[in-house]
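**Student:** If it helps, the file is called target.cif and holds mmCIF, N, CA and C atoms:
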data_structure
loop_
_atom_site.label_atom_id
_atom_site.label_comp_id
_atom_site.auth_asym_id
_atom_site.auth_seq_id
_atom_site.Cartn_x
_atom_site.Cartn_y
_atom_site.Cartn_z
N MET T 1 -30.97 -1.22 -124.63
CA MET T 1 -32.33 -1.53 -125.06
C MET T 1 -32.42 -1.37 -126.57
N LYS T 2 -32.87 -2.38 -127.23
CA LYS T 2 -32.99 -2.38 -128.68
C LYS T 2 -34.30 -1.70 -129.09
N GLN T 3 -34.18 -0.73 -129.98
CA GLN T 3 -35.37 -0.01 -130.45
C GLN T 3 -35.89 -0.67 -131.72
N GLU T 4 -37.18 -0.99 -131.71
CA GLU T 4 -37.78 -1.64 -132.87
C GLU T 4 -38.16 -0.61 -133.92
N VAL T 5 -37.93 -0.96 -135.15
CA VAL T 5 -38.31 -0.11 -136.26
C VAL T 5 -39.67 -0.60 -136.77
N LYS T 6 -40.61 0.33 -136.83
CA LYS T 6 -41.93 -0.05 -137.33
C LYS T 6 -41.90 -0.12 -138.85
N VAL T 7 -42.33 -1.24 -139.36
CA VAL T 7 -42.40 -1.44 -140.80
C VAL T 7 -43.85 -1.24 -141.22
N LEU T 8 -44.05 -0.27 -142.10
CA LEU T 8 -45.40 0.00 -142.59
C LEU T 8 -45.66 -0.81 -143.85
N LYS T 9 -46.88 -1.27 -143.94
CA LYS T 9 -47.28 -1.98 -145.15
C LYS T 9 -48.68 -1.51 -145.53
N LYS T 10 -48.97 -1.65 -146.80
CA LYS T 10 -50.31 -1.30 -147.30
C LYS T 10 -51.20 -2.52 -147.16
N ILE T 11 -52.39 -2.27 -146.60
CA ILE T 11 -53.37 -3.36 -146.46
C ILE T 11 -54.72 -2.89 -146.97
N PRO T 12 -55.55 -3.79 -147.46
CA PRO T 12 -56.91 -3.40 -147.85
C PRO T 12 -57.76 -3.18 -146.60
N PHE T 13 -58.67 -2.23 -146.68
CA PHE T 13 -59.57 -1.93 -145.56
C PHE T 13 -60.94 -1.64 -146.12
N ASP T 14 -61.96 -2.28 -145.58
CA ASP T 14 -63.34 -2.05 -146.01
C ASP T 14 -63.99 -0.99 -145.15
N VAL T 15 -64.33 0.14 -145.78
CA VAL T 15 -65.02 1.23 -145.09
C VAL T 15 -66.51 1.02 -145.29
N GLN T 16 -67.22 0.88 -144.20
CA GLN T 16 -68.66 0.65 -144.28
C GLN T 16 -69.41 1.98 -144.21
N ILE T 17 -70.31 2.18 -145.17
CA ILE T 17 -71.10 3.40 -145.25
C ILE T 17 -72.51 3.06 -144.76
N PRO T 18 -72.94 3.67 -143.64
CA PRO T 18 -74.28 3.35 -143.13
C PRO T 18 -75.39 3.85 -144.04
N ASN T 19 -76.53 3.20 -143.97
CA ASN T 19 -77.68 3.66 -144.76
C ASN T 19 -78.29 4.88 -144.08
N LEU T 20 -79.26 5.50 -144.75
CA LEU T 20 -79.87 6.73 -144.22
C LEU T 20 -80.53 6.53 -142.87
N ASP T 21 -81.11 5.36 -142.65
CA ASP T 21 -81.78 5.10 -141.38
C ASP T 21 -80.79 4.81 -140.25
N GLY T 22 -79.54 4.51 -140.61
CA GLY T 22 -78.53 4.23 -139.61
C GLY T 22 -78.63 2.84 -139.00
N ASP T 23 -79.45 1.98 -139.59
CA ASP T 23 -79.62 0.65 -139.00
C ASP T 23 -79.03 -0.45 -139.87
N GLY T 24 -78.23 -0.07 -140.84
CA GLY T 24 -77.62 -1.06 -141.72
C GLY T 24 -76.51 -0.42 -142.54
N ILE T 25 -75.93 -1.21 -143.41
CA ILE T 25 -74.83 -0.75 -144.27
C ILE T 25 -75.35 -0.59 -145.69
N ALA T 26 -75.19 0.61 -146.24
CA ALA T 26 -75.64 0.88 -147.60
C ALA T 26 -74.60 0.45 -148.62
N GLN T 27 -73.33 0.55 -148.24
CA GLN T 27 -72.27 0.31 -149.21
C GLN T 27 -70.97 0.03 -148.45
N THR T 28 -70.10 -0.74 -149.06
CA THR T 28 -68.77 -0.99 -148.51
C THR T 28 -67.76 -0.55 -149.56
N ILE T 29 -66.86 0.32 -149.17
CA ILE T 29 -65.83 0.85 -150.07
C ILE T 29 -64.49 0.29 -149.63
N ARG T 30 -63.77 -0.34 -150.52
CA ARG T 30 -62.45 -0.89 -150.20
C ARG T 30 -61.39 0.15 -150.55
N ILE T 31 -60.54 0.45 -149.58
CA ILE T 31 -59.42 1.37 -149.79
C ILE T 31 -58.15 0.69 -149.28
N GLU T 32 -57.00 1.26 -149.60
CA GLU T 32 -55.74 0.78 -149.07
C GLU T 32 -55.27 1.75 -148.00
N VAL T 33 -54.84 1.20 -146.87
CA VAL T 33 -54.33 2.01 -145.77
C VAL T 33 -52.97 1.47 -145.34
N GLU T 34 -52.24 2.30 -144.59
CA GLU T 34 -50.95 1.86 -144.08
C GLU T 34 -51.11 1.39 -142.65
N ALA T 35 -50.40 0.32 -142.32
CA ALA T 35 -50.46 -0.24 -140.97
C ALA T 35 -49.11 -0.86 -140.63
N SER T 36 -48.87 -0.96 -139.33
CA SER T 36 -47.71 -1.70 -138.85
C SER T 36 -48.25 -2.87 -138.03
N THR T 37 -47.41 -3.85 -137.75
CA THR T 37 -47.83 -5.01 -136.97
C THR T 37 -47.20 -4.94 -135.59
N ASP T 38 -48.05 -5.03 -134.57
CA ASP T 38 -47.57 -5.07 -133.19
C ASP T 38 -46.83 -6.39 -133.01
N PRO T 39 -45.53 -6.35 -132.64
CA PRO T 39 -44.74 -7.57 -132.55
C PRO T 39 -45.21 -8.52 -131.45
N GLU T 40 -45.78 -7.99 -130.39
CA GLU T 40 -46.22 -8.84 -129.28
C GLU T 40 -47.59 -9.45 -129.53
N ALA T 41 -48.53 -8.62 -129.96
CA ALA T 41 -49.91 -9.09 -130.14
C ALA T 41 -50.16 -9.62 -131.55
N GLY T 42 -49.31 -9.21 -132.49
CA GLY T 42 -49.51 -9.64 -133.87
C GLY T 42 -50.65 -8.90 -134.57
N GLU T 43 -51.18 -7.85 -133.93
CA GLU T 43 -52.29 -7.10 -134.52
C GLU T 43 -51.77 -5.99 -135.41
N GLU T 44 -52.56 -5.67 -136.43
CA GLU T 44 -52.20 -4.56 -137.31
C GLU T 44 -52.68 -3.26 -136.69
N ILE T 45 -51.80 -2.27 -136.70
CA ILE T 45 -52.10 -0.96 -136.12
C ILE T 45 -52.09 0.06 -137.24
N LEU T 46 -53.22 0.74 -137.43
CA LEU T 46 -53.33 1.74 -138.47
C LEU T 46 -52.59 3.01 -138.10
N THR T 47 -52.01 3.67 -139.09
CA THR T 47 -51.35 4.96 -138.85
C THR T 47 -52.43 6.04 -138.66
N PRO T 48 -52.09 7.15 -138.02
CA PRO T 48 -53.06 8.26 -137.89
C PRO T 48 -53.56 8.75 -139.25
N GLU T 49 -52.68 8.73 -140.25
CA GLU T 49 -53.09 9.15 -141.59
C GLU T 49 -54.11 8.19 -142.18
N SER T 50 -53.95 6.91 -141.89
CA SER T 50 -54.90 5.91 -142.38
C SER T 50 -56.26 6.09 -141.72
N ILE T 51 -56.26 6.35 -140.43
CA ILE T 51 -57.52 6.60 -139.72
C ILE T 51 -58.22 7.81 -140.30
N ASP T 52 -57.44 8.85 -140.61
CA ASP T 52 -58.00 10.06 -141.22
C ASP T 52 -58.58 9.75 -142.60
N LEU T 53 -57.89 8.94 -143.38
CA LEU T 53 -58.38 8.55 -144.71
C LEU T 53 -59.69 7.78 -144.62
N ILE T 54 -59.79 6.89 -143.65
CA ILE T 54 -61.03 6.13 -143.45
C ILE T 54 -62.17 7.07 -143.11
N GLU T 55 -61.92 8.00 -142.21
CA GLU T 55 -62.93 8.98 -141.80
C GLU T 55 -63.39 9.83 -142.99
N LYS T 56 -62.44 10.32 -143.76
CA LYS T 56 -62.78 11.16 -144.92
C LYS T 56 -63.54 10.36 -145.97
N THR T 57 -63.17 9.12 -146.17
CA THR T 57 -63.87 8.28 -147.15
C THR T 57 -65.31 8.08 -146.74
N GLN T 58 -65.51 7.77 -145.47
CA GLN T 58 -66.88 7.56 -144.98
C GLN T 58 -67.69 8.85 -145.08
N ALA T 59 -67.13 9.95 -144.63
CA ALA T 59 -67.84 11.24 -144.67
C ALA T 59 -68.19 11.61 -146.11
N ARG T 60 -67.25 11.45 -147.03
CA ARG T 60 -67.48 11.81 -148.43
C ARG T 60 -68.62 10.99 -149.03
N HIS T 61 -68.63 9.69 -148.76
CA HIS T 61 -69.67 8.84 -149.33
C HIS T 61 -71.02 9.03 -148.65
N MET T 62 -71.01 9.59 -147.44
CA MET T 62 -72.27 9.89 -146.76
C MET T 62 -72.74 11.31 -147.08
N GLY T 63 -71.92 12.05 -147.81
CA GLY T 63 -72.27 13.43 -148.14
C GLY T 63 -72.05 14.39 -146.98
N LEU T 64 -71.23 13.99 -146.01
CA LEU T 64 -70.98 14.83 -144.84
C LEU T 64 -69.71 15.64 -145.01
N MET T 65 -69.72 16.83 -144.45
CA MET T 65 -68.51 17.64 -144.45
C MET T 65 -67.51 17.01 -143.49
N ALA T 66 -66.26 17.01 -143.89
CA ALA T 66 -65.19 16.49 -143.04
C ALA T 66 -64.86 17.52 -141.97
N ALA T 67 -64.19 17.06 -140.92
CA ALA T 67 -63.84 17.93 -139.79
C ALA T 67 -63.09 19.18 -140.27
N GLY T 68 -62.13 19.01 -141.14
CA GLY T 68 -61.35 20.14 -141.65
C GLY T 68 -62.21 21.14 -142.40
N GLU T 69 -63.18 20.65 -143.15
CA GLU T 69 -64.08 21.54 -143.88
C GLU T 69 -64.94 22.37 -142.93
N ILE T 70 -65.39 21.74 -141.85
CA ILE T 70 -66.21 22.44 -140.87
C ILE T 70 -65.40 23.55 -140.21
N LYS T 71 -64.16 23.24 -139.88
CA LYS T 71 -63.28 24.24 -139.27
C LYS T 71 -62.99 25.37 -140.25
N GLU T 72 -62.71 25.02 -141.51
CA GLU T 72 -62.44 26.05 -142.53
C GLU T 72 -63.64 26.97 -142.72
N LEU T 73 -64.84 26.41 -142.69
CA LEU T 73 -66.05 27.22 -142.82
C LEU T 73 -66.13 28.24 -141.68
N ARG T 74 -65.94 27.76 -140.46
CA ARG T 74 -66.01 28.67 -139.30
C ARG T 74 -64.96 29.77 -139.41
N GLN T 75 -63.75 29.39 -139.78
CA GLN T 75 -62.68 30.38 -139.91
C GLN T 75 -62.98 31.38 -141.02
N ARG T 76 -63.52 30.90 -142.13
CA ARG T 76 -63.88 31.79 -143.24
C ARG T 76 -64.93 32.80 -142.81
N LEU T 77 -65.84 32.36 -141.94
CA LEU T 77 -66.90 33.25 -141.44
C LEU T 77 -66.39 34.17 -140.34
N GLY T 78 -65.16 33.94 -139.87
CA GLY T 78 -64.57 34.79 -138.84
C GLY T 78 -65.21 34.59 -137.47
N LEU T 79 -65.64 33.36 -137.19
CA LEU T 79 -66.31 33.07 -135.93
C LEU T 79 -65.45 32.18 -135.04
N SER T 80 -65.62 32.32 -133.74
CA SER T 80 -64.99 31.40 -132.80
C SER T 80 -65.85 30.14 -132.72
N GLN T 81 -65.31 29.09 -132.11
CA GLN T 81 -66.11 27.87 -131.94
C GLN T 81 -67.35 28.17 -131.10
N GLU T 82 -67.21 29.00 -130.10
CA GLU T 82 -68.34 29.36 -129.25
C GLU T 82 -69.41 30.11 -130.05
N GLN T 83 -68.98 31.04 -130.89
CA GLN T 83 -69.94 31.79 -131.71
C GLN T 83 -70.64 30.87 -132.71
N MET T 84 -69.88 29.96 -133.31
CA MET T 84 -70.46 29.04 -134.29
C MET T 84 -71.48 28.11 -133.63
N SER T 85 -71.14 27.59 -132.46
CA SER T 85 -72.09 26.70 -131.78
C SER T 85 -73.34 27.47 -131.37
N GLY T 86 -73.19 28.73 -130.97
CA GLY T 86 -74.35 29.56 -130.65
C GLY T 86 -75.21 29.82 -131.87
N LEU T 87 -74.56 30.08 -132.98
CA LEU T 87 -75.26 30.34 -134.23
C LEU T 87 -76.09 29.13 -134.66
N LEU T 88 -75.53 27.94 -134.47
CA LEU T 88 -76.21 26.71 -134.85
C LEU T 88 -77.15 26.18 -133.76
N GLN T 89 -77.13 26.86 -132.61
CA GLN T 89 -77.96 26.50 -131.47
C GLN T 89 -77.69 25.07 -130.99
N ILE T 90 -76.40 24.78 -130.85
CA ILE T 90 -75.97 23.48 -130.34
C ILE T 90 -74.96 23.71 -129.21
N GLY T 91 -74.65 22.68 -128.47
CA GLY T 91 -73.66 22.78 -127.41
C GLY T 91 -72.26 22.97 -127.96
N GLY T 92 -71.47 23.73 -127.24
CA GLY T 92 -70.10 24.00 -127.66
C GLY T 92 -69.26 22.75 -127.77
N LYS T 93 -69.46 21.79 -126.87
CA LYS T 93 -68.68 20.55 -126.91
C LYS T 93 -69.02 19.74 -128.16
N SER T 94 -70.29 19.75 -128.55
CA SER T 94 -70.68 19.03 -129.77
C SER T 94 -69.96 19.60 -130.97
N TYR T 95 -69.96 20.93 -131.07
CA TYR T 95 -69.31 21.57 -132.22
C TYR T 95 -67.81 21.27 -132.21
N THR T 96 -67.18 21.35 -131.05
CA THR T 96 -65.75 21.06 -130.95
C THR T 96 -65.44 19.64 -131.42
N ARG T 97 -66.31 18.70 -131.07
CA ARG T 97 -66.13 17.31 -131.52
C ARG T 97 -66.21 17.20 -133.04
N TRP T 98 -67.08 18.00 -133.67
CA TRP T 98 -67.17 17.97 -135.13
C TRP T 98 -65.86 18.42 -135.75
N GLU T 99 -65.32 19.53 -135.24
CA GLU T 99 -64.08 20.07 -135.80
C GLU T 99 -62.89 19.16 -135.56
N SER T 100 -62.89 18.45 -134.45
CA SER T 100 -61.76 17.58 -134.14
C SER T 100 -61.91 16.21 -134.81
N GLY T 101 -63.08 15.93 -135.37
CA GLY T 101 -63.31 14.65 -136.02
C GLY T 101 -63.73 13.56 -135.06
N ARG T 102 -63.97 13.87 -133.79
CA ARG T 102 -64.39 12.86 -132.82
C ARG T 102 -65.87 12.54 -132.93
N ALA T 103 -66.61 13.37 -133.66
CA ALA T 103 -68.04 13.13 -133.89
C ALA T 103 -68.41 13.79 -135.21
N ARG T 104 -69.56 13.43 -135.72
CA ARG T 104 -70.06 14.04 -136.96
C ARG T 104 -71.39 14.71 -136.69
N PRO T 105 -71.66 15.77 -137.45
CA PRO T 105 -72.99 16.38 -137.32
C PRO T 105 -74.04 15.44 -137.90
N SER T 106 -75.28 15.61 -137.46
CA SER T 106 -76.38 14.85 -138.05
C SER T 106 -76.50 15.23 -139.52
N ARG T 107 -77.22 14.43 -140.26
CA ARG T 107 -77.40 14.75 -141.68
C ARG T 107 -78.13 16.08 -141.86
N SER T 108 -79.10 16.37 -140.99
CA SER T 108 -79.83 17.64 -141.13
C SER T 108 -78.92 18.82 -140.78
N MET T 109 -78.07 18.67 -139.76
CA MET T 109 -77.15 19.75 -139.42
C MET T 109 -76.09 19.89 -140.51
N ASN T 110 -75.69 18.78 -141.11
CA ASN T 110 -74.74 18.83 -142.21
C ASN T 110 -75.32 19.61 -143.38
N LEU T 111 -76.60 19.42 -143.63
CA LEU T 111 -77.27 20.16 -144.71
C LEU T 111 -77.20 21.66 -144.44
N LEU T 112 -77.41 22.06 -143.20
CA LEU T 112 -77.32 23.46 -142.81
C LEU T 112 -75.89 23.99 -143.02
N LEU T 113 -74.90 23.21 -142.60
CA LEU T 113 -73.50 23.61 -142.78
C LEU T 113 -73.14 23.74 -144.26
N CYS T 114 -73.61 22.80 -145.07
CA CYS T 114 -73.35 22.87 -146.51
C CYS T 114 -73.99 24.11 -147.13
N ALA T 115 -75.19 24.44 -146.70
CA ALA T 115 -75.87 25.64 -147.20
C ALA T 115 -75.08 26.89 -146.84
N MET T 116 -74.53 26.91 -145.63
CA MET T 116 -73.69 28.05 -145.23
C MET T 116 -72.42 28.09 -146.06
N ARG T 117 -71.79 26.94 -146.24
CA ARG T 117 -70.55 26.85 -147.02
C ARG T 117 -70.75 27.32 -148.45
N ASP T 118 -71.89 26.92 -149.03
CA ASP T 118 -72.16 27.22 -150.43
C ASP T 118 -72.79 28.59 -150.65
N GLY T 119 -72.95 29.37 -149.57
CA GLY T 119 -73.50 30.72 -149.69
C GLY T 119 -75.00 30.74 -149.90
N GLN T 120 -75.68 29.63 -149.64
CA GLN T 120 -77.12 29.56 -149.82
C GLN T 120 -77.89 29.98 -148.56
N LEU T 121 -77.19 30.06 -147.45
CA LEU T 121 -77.80 30.45 -146.18
C LEU T 121 -76.92 31.50 -145.54
N ASP T 122 -77.48 32.67 -145.35
CA ASP T 122 -76.73 33.80 -144.82
C ASP T 122 -76.59 33.69 -143.31
N VAL T 123 -75.39 33.95 -142.82
CA VAL T 123 -75.13 33.90 -141.39
C VAL T 123 -75.98 34.93 -140.66
N ASN T 124 -76.22 36.08 -141.28
CA ASN T 124 -77.05 37.10 -140.64
C ASN T 124 -78.46 36.58 -140.38
N TYR T 125 -78.96 35.76 -141.28
CA TYR T 125 -80.29 35.15 -141.07
C TYR T 125 -80.27 34.28 -139.82
N LEU T 126 -79.25 33.43 -139.70
CA LEU T 126 -79.16 32.55 -138.54
C LEU T 126 -79.01 33.35 -137.25
N GLN T 127 -78.25 34.44 -137.31
CA GLN T 127 -78.09 35.28 -136.13
C GLN T 127 -79.42 35.92 -135.75
N ALA T 128 -80.18 36.34 -136.74
CA ALA T 128 -81.47 36.97 -136.47
C ALA T 128 -82.48 35.96 -135.91
N VAL T 129 -82.43 34.73 -136.40
CA VAL T 129 -83.32 33.69 -135.87
C VAL T 129 -82.94 33.39 -134.43
N ARG T 130 -81.65 33.39 -134.15
CA ARG T 130 -81.15 33.11 -132.80
C ARG T 130 -81.59 34.19 -131.82
N ASP T 131 -81.59 35.44 -132.28
CA ASP T 131 -81.96 36.57 -131.42
C ASP T 131 -83.00 37.41 -132.15
N PRO T 132 -84.28 37.00 -132.11
CA PRO T 132 -85.34 37.67 -132.88
C PRO T 132 -85.51 39.16 -132.59
N GLU T 133 -85.18 39.60 -131.39
CA GLU T 133 -85.34 41.01 -131.07
C GLU T 133 -84.41 41.89 -131.90
N LYS T 134 -83.31 41.31 -132.35
CA LYS T 134 -82.37 42.05 -133.19
C LYS T 134 -82.59 41.74 -134.67
N GLY T 135 -83.55 40.86 -134.96
CA GLY T 135 -83.80 40.41 -136.32
C GLY T 135 -84.53 41.45 -137.15
N THR T 136 -84.71 41.11 -138.40
CA THR T 136 -85.40 42.01 -139.31
C THR T 136 -86.79 41.47 -139.62
N GLU T 137 -87.59 42.24 -140.34
CA GLU T 137 -88.95 41.82 -140.68
C GLU T 137 -88.98 40.51 -141.44
N TRP T 138 -88.04 40.35 -142.39
CA TRP T 138 -88.09 39.14 -143.23
C TRP T 138 -87.82 37.90 -142.42
N VAL T 139 -87.08 38.00 -141.31
CA VAL T 139 -86.87 36.85 -140.45
C VAL T 139 -88.16 36.47 -139.77
N ALA T 140 -88.90 37.46 -139.29
CA ALA T 140 -90.18 37.19 -138.62
C ALA T 140 -91.15 36.51 -139.58
N ARG T 141 -91.14 36.92 -140.85
CA ARG T 141 -92.02 36.32 -141.84
C ARG T 141 -91.60 34.87 -142.14
N ALA T 142 -90.30 34.60 -142.09
CA ALA T 142 -89.79 33.29 -142.45
C ALA T 142 -90.08 32.23 -141.38
N CYS T 143 -90.25 32.66 -140.15
CA CYS T 143 -90.43 31.68 -139.07
C CYS T 143 -91.83 31.21 -138.93
#
Before we go any further, please render this structure as structure tokens.
**Tutor:**
Amino acid sequence: MKQEVKVLKKIPFDVQIPNLDGDGIAQTIRIEVEASTDPEAGEEILTPESIDLIEKTQARHMGLMAAGEIKELRQRLGLSQEQMSGLLQIGGKSYTRWESGRARPSRSMNLLLCAMRDGQLDVNYLQAVRDPEKGTEWVARAC
């Protein structure tokens, strides 16, 4: 059986950036990605690295944290995925999808994550909001 060698080539790819309302395209960014050609179908197949580059380009232009950044934030805070999803008051599967890159947080949730990343929102505050009986006076005033 003859083994085929995949030949990679650089191709242009247009990354579409959705508008804030999500009902149209705000901008199109052209990048170069690597792809091989399927010999039977003649279709171009993107490499996993190219798919990751497309994802990062879109997230960056939308102002969203990339999957790796979300994971790094959680690890820096010393939290498990379950603890982080509880802190954010979202389902564990949703959070796991964010870290794996299979889904993105909403823009409002991204804002919350960025505030945590940048030290503008204290994790203790979020924990106190999550469990008010263990919270402090300033949390009660803030709500």
**Student:** Applied to this file, what does the PyMOL selection byres ((chain T and resi 11-26) around 7) return in terms of residues, put as a list in words?
**Tutor:**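 For this structure, the PyMOL selection byres ((chain T and resi 11-26) around 7) captures Lys9, Lys10, Gln27, Thr28, Ile29, Arg30, Ile31, Glu32, Val33, Glu34, Ala35, Ile54, Gln58, His61 and Met62 of chain T.
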**Student:** So how many Å separate atom N of T:Ala67 and atom C of T:Glu99, to one decimal?
**Tutor:**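 According to the coordinates, atom N of T:Ala67 and atom C of T:Glu99 are separated by 5.9 Å.
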**Student:** Could you pull out the alpha helix (DSSP H) residues of stretch 12-139 of chain T from DSSP and send them as a ChimeraX atom specification?
**Tutor:** /T:48-62,67-77,81-88,92-100,107-117,123-130,137-139
**Student:** Give the answer as one residue: which of T:Leu88, T:Met116, T:Ile45, T:Leu53 has the shortest atom-to-atom distance to T:Glu72, using only C-alpha atoms?
**Tutor:**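 Using only C-alpha atoms, the shortest distance to T:Glu72 belongs to T:Met116.
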**Student:** Kindly indicate which residue among T:Val123, T:Ser50, T:Gly91, T:Ser106 lies nearest to T:Gly78, using only C-alpha atoms for the distances.
**Tutor:**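 Closest to T:Gly78, using only C-alpha atoms: T:Val123.
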**Student:** Return as a ChimeraX atom specification the set of residues that the PyMOL selection byres ((chain T and resi 68) around 7) yields on the displayed structure.
**Tutor:** /T:65-67,69-73,98-101
**Student:** Could you work out an axis-aligned box for stretch 20-26 of chain T, taking every atom the file lists and adding 5 Å on each side, and report centre and edge lengths in Å to one decimal, as JSON?
**Tutor:**
{"center_x": -78.2, "center_y": 2.8, "center_z": -143.8, "size_x": 17.2, "size_y": 17.9, "size_z": 19.6}
**Student:** Residues of stretch 6-131 of chain T classed as strand (DSSP E) by DSSP on the backbone are to be reported as a ChimeraX atom specification.
**Tutor:** /T:9-18,25-37,44-46
**Student:** Kindly export the residues of the current selection with N, CA and C atoms, as a short mmCIF file (atom, residue, chain, number, x, y, z; two decimals), in the frame of the given file.
**Tutor:**
data_model
loop_
_atom_site.label_atom_id
_atom_site.label_comp_id
_atom_site.auth_asym_id
_atom_site.auth_seq_id
_atom_site.Cartn_x
_atom_site.Cartn_y
_atom_site.Cartn_z
N LYS T 9 -46.88 -1.27 -143.94
CA LYS T 9 -47.28 -1.98 -145.15
C LYS T 9 -48.68 -1.51 -145.53
N LYS T 10 -48.97 -1.65 -146.80
CA LYS T 10 -50.31 -1.30 -147.30
C LYS T 10 -51.20 -2.52 -147.16
N ILE T 11 -52.39 -2.27 -146.60
CA ILE T 11 -53.37 -3.36 -146.46
C ILE T 11 -54.72 -2.89 -146.97
N PRO T 12 -55.55 -3.79 -147.46
CA PRO T 12 -56.91 -3.40 -147.85
C PRO T 12 -57.76 -3.18 -146.60
N PHE T 13 -58.67 -2.23 -146.68
CA PHE T 13 -59.57 -1.93 -145.56
C PHE T 13 -60.94 -1.64 -146.12
N ASP T 14 -61.96 -2.28 -145.58
CA ASP T 14 -63.34 -2.05 -146.01
C ASP T 14 -63.99 -0.99 -145.15
N VAL T 15 -64.33 0.14 -145.78
CA VAL T 15 -65.02 1.23 -145.09
C VAL T 15 -66.51 1.02 -145.29
N GLN T 16 -67.22 0.88 -144.20
CA GLN T 16 -68.66 0.65 -144.28
C GLN T 16 -69.41 1.98 -144.21
N ILE T 17 -70.31 2.18 -145.17
CA ILE T 17 -71.10 3.40 -145.25
C ILE T 17 -72.51 3.06 -144.76
N PRO T 18 -72.94 3.67 -143.64
CA PRO T 18 -74.28 3.35 -143.13
C PRO T 18 -75.39 3.85 -144.04
N ILE T 25 -75.93 -1.21 -143.41
CA ILE T 25 -74.83 -0.75 -144.27
C ILE T 25 -75.35 -0.59 -145.69
N ALA T 26 -75.19 0.61 -146.24
CA ALA T 26 -75.64 0.88 -147.60
C ALA T 26 -74.60 0.45 -148.62
N GLN T 27 -73.33 0.55 -148.24
CA GLN T 27 -72.27 0.31 -149.21
C GLN T 27 -70.97 0.03 -148.45
N THR T 28 -70.10 -0.74 -149.06
CA THR T 28 -68.77 -0.99 -148.51
C THR T 28 -67.76 -0.55 -149.56
N ILE T 29 -66.86 0.32 -149.17
CA ILE T 29 -65.83 0.85 -150.07
C ILE T 29 -64.49 0.29 -149.63
N ARG T 30 -63.77 -0.34 -150.52
CA ARG T 30 -62.45 -0.89 -150.20
C ARG T 30 -61.39 0.15 -150.55
N ILE T 31 -60.54 0.45 -149.58
CA ILE T 31 -59.42 1.37 -149.79
C ILE T 31 -58.15 0.69 -149.28
N GLU T 32 -57.00 1.26 -149.60
CA GLU T 32 -55.74 0.78 -149.07
C GLU T 32 -55.27 1.75 -148.00
N VAL T 33 -54.84 1.20 -146.87
CA VAL T 33 -54.33 2.01 -145.77
C VAL T 33 -52.97 1.47 -145.34
N GLU T 34 -52.24 2.30 -144.59
CA GLU T 34 -50.95 1.86 -144.08
C GLU T 34 -51.11 1.39 -142.65
N ALA T 35 -50.40 0.32 -142.32
CA ALA T 35 -50.46 -0.24 -140.97
C ALA T 35 -49.11 -0.86 -140.63
N SER T 36 -48.87 -0.96 -139.33
CA SER T 36 -47.71 -1.70 -138.85
C SER T 36 -48.25 -2.87 -138.03
N THR T 37 -47.41 -3.85 -137.75
CA THR T 37 -47.83 -5.01 -136.97
C THR T 37 -47.20 -4.94 -135.59
N GLU T 44 -52.56 -5.67 -136.43
CA GLU T 44 -52.20 -4.56 -137.31
C GLU T 44 -52.68 -3.26 -136.69
N ILE T 45 -51.80 -2.27 -136.70
CA ILE T 45 -52.10 -0.96 -136.12
C ILE T 45 -52.09 0.06 -137.24
N LEU T 46 -53.22 0.74 -137.43
CA LEU T 46 -53.33 1.74 -138.47
C LEU T 46 -52.59 3.01 -138.10
#
**Student:** Within 12 Å of (-70.2, 28.6, -133.6), only C-alpha atoms: residues as a PyMOL selection string?
**Tutor:** chain T and resi 70-71+73-96+98-99+113+123+126-127+130
**Student:** Would you work out the distance separating atom CA of T:Cys114 from atom CA of T:Gly63, expressed in Å to one decimal?
**Tutor:**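 Atom CA of T:Gly63 lies at a distance of 9.6 Å from atom CA of T:Cys114.
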**Student:** For a test of reading the model, state the distance in Å between atom CA of T:Asn110 and atom N of T:Ala59, rounded to one decimal.
**Tutor:**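 So the answer is 11.9 Å.
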